[in-house]
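Trainee: Here's a structure for you.
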Amino acid sequence: MNTKEDIVNDGFGYIARPMDQLYNISIFFQDFVPRFPQYRVHLLFNWSQGFPLNSARGQRFFSKARMPDYRRVDIGASRIFDKKEDAWMIKGVFKSIERMQIAVEVLNLFGFYNVNSYYWVSDVFNQQHAVPNYLTGTQLNIKLQIDF
């Protein structure tokens with residue numbers, strides 16, 4: 001969505017709003033292993049345009065800069081245990097559990113350095129410089145989901 005505004009008679013024309021993003025693409029693909037539907041794999045792709053950028057003390061109509069695009073790819077695999085199909089779940093500690101899923105994911109598979117925000121530093125001449133705050137790189141995630 002392209003969001004911009006033009007304040008009448010200010011002389012600056014159209015300027016981008018703080019949350020202006022032309023594109024935001026997310027694709028989630030999930031499939032199961034044939035003959036073993038309890039095993040699943042998934043892929044998640046995210047790509048979105050960076051937000052408009054301006055210094056903390058600056059006038060926003062002077063800057064046309066943008067943060068870098070946000071890009072991320074996640075991949076994961078999971079196993080679903082169901083009381084109706086896994087006989088061991090009707091015994092002991094597991095008898096109150098209807099369904100259980102264990103997943104292993106690799107987050108930010110390609111290790112993109114996505115910028116979350118900027119820390120603004122002033123020098124001796126009172127000029128501001130942007131120092132990026134990066135989000136985490138590649139991480140391993142293990143997830144357990146239990147339905148009672």
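Starting from 1 in every chain, residues are counted up; chains themselves are A, B, ... following the order of the structure tokens, and ligands are numbered from 1 as listed.
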When DSSP is applied to the backbone of this structure, which of stretch 24-140 of chain A are assigned strand (DSSP E)? Write them out as a PyMOL selection string.
Mentor: chain A and resi 24-33+36-48+70-82+99-107+115-122+128-134+139-140
Trainee: What's around stretch 19-21 of chain A at 12 Å? Count only C-alpha atoms, leave out sequence neighbours fewer than 4 positions away in its own chain, and write the answer as a PyMOL selection string.
Mentor: chain A and resi 1-5+15+25+47-53+64+66-70
Trainee: Rounded to one decimal, what separation in Å do you get between atom CA of A:Ile27 and atom CA of A:Phe45?
Mentor: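 Result for atom CA of A:Ile27 versus atom CA of A:Phe45: 5.1 Å, one decimal.
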Trainee: Kindly give the distance, in Å, that separates atom CA of A:Ile75 and atom CA of A:Tyr39, rounded to a single decimal.
Mentor: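 For atom CA of A:Ile75 relative to atom CA of A:Tyr39, the distance reads 14.0 Å.
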Trainee: Hey, which bits of stretch 13-112 of chain A sit within 12 Å of stretch 126-144 of chain A, and for each residue what's the closest pair of atoms and how far apart in Å (one decimal), counting only C-alpha atoms, rows by chain and increasing number, as CSV?
Mentor:
residue,atom,partner,partner_atom,distance
A:Leu53,CA,A:Ala130,CA,9.8
A:Asn54,CA,A:Ala130,CA,9.3
A:Ser55,CA,A:Gln128,CA,7.0
A:Ala56,CA,A:Gln128,CA,8.5
A:Arg57,CA,A:Gln128,CA,8.4
A:Gly58,CA,A:Gln128,CA,9.0
A:Ala65,CA,A:Ala130,CA,11.6
A:Arg66,CA,A:Ala130,CA,12.0
A:Met67,CA,A:Pro132,CA,9.4
A:Pro68,CA,A:Pro132,CA,10.3
A:Tyr70,CA,A:Leu135,CA,10.1
A:Arg71,CA,A:Leu135,CA,11.2
A:Arg72,CA,A:Thr138,CA,9.8
A:Val73,CA,A:Thr138,CA,9.8
A:Asp74,CA,A:Thr138,CA,9.2
A:Ile75,CA,A:Leu140,CA,10.0
A:Gly76,CA,A:Asn141,CA,8.9
A:Ala77,CA,A:Ile142,CA,10.0
A:Ser78,CA,A:Lys143,CA,8.9
A:Arg79,CA,A:Leu144,CA,10.0
A:Ile80,CA,A:Leu144,CA,10.1
A:Phe81,CA,A:Leu144,CA,11.1
A:Arg99,CA,A:Leu144,CA,10.8
A:Met100,CA,A:Leu144,CA,7.3
A:Gln101,CA,A:Leu144,CA,5.8
A:Ile102,CA,A:Leu144,CA,4.7
A:Ala103,CA,A:Lys143,CA,5.0
A:Val104,CA,A:Ile142,CA,4.6
A:Glu105,CA,A:Asn141,CA,5.0
A:Val106,CA,A:Leu140,CA,4.8
A:Leu107,CA,A:Gln139,CA,5.2
A:Asn108,CA,A:Thr138,CA,4.8
A:Leu109,CA,A:Thr138,CA,5.6
A:Phe110,CA,A:Thr138,CA,7.0
A:Gly111,CA,A:Gly137,CA,4.9
A:Phe112,CA,A:Gly137,CA,6.6
Trainee: Those residues with C-alpha atoms, as a compact mmCIF listing (two decimals), in the first residue's frame please?
Mentor:
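Printed below is result_8.txt as written:
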# COMPACT_ATOMS: atom_id res chain seq x y z
CA LEU A 53 13.65 6.94 7.32
CA ASN A 54 14.33 10.28 8.96
CA SER A 55 16.51 11.43 11.82
CA ALA A 56 15.02 11.93 15.25
CA ARG A 57 15.40 15.72 15.11
CA GLY A 58 14.96 16.17 11.36
CA ALA A 65 15.63 7.75 2.48
CA ARG A 66 14.21 4.32 3.32
CA MET A 67 15.24 1.49 5.56
CA PRO A 68 16.53 -1.58 3.69
CA TYR A 70 13.10 -6.90 5.15
CA ARG A 71 13.86 -10.39 3.81
CA ARG A 72 13.58 -13.70 5.59
CA VAL A 73 13.24 -17.40 4.78
CA ASP A 74 12.28 -20.01 7.40
CA ILE A 75 12.21 -23.78 6.98
CA GLY A 76 10.89 -26.39 9.38
CA ALA A 77 9.84 -29.98 9.88
CA SER A 78 7.33 -31.38 12.35
CA ARG A 79 5.85 -34.63 13.61
CA ILE A 80 2.26 -34.85 14.85
CA PHE A 81 1.28 -37.41 17.48
CA ARG A 99 -2.68 -34.21 20.14
CA MET A 100 0.99 -33.27 20.34
CA GLN A 101 3.29 -31.71 17.75
CA ILE A 102 7.08 -31.41 17.85
CA ALA A 103 8.72 -29.07 15.35
CA VAL A 104 12.27 -28.06 14.48
CA GLU A 105 12.73 -24.84 12.53
CA VAL A 106 15.64 -22.88 11.12
CA LEU A 107 14.70 -19.21 11.34
CA ASN A 108 16.27 -16.70 8.93
CA LEU A 109 17.83 -19.54 6.96
CA PHE A 110 20.03 -17.34 4.75
CA GLY A 111 21.14 -15.07 7.61
CA PHE A 112 19.86 -11.79 6.17
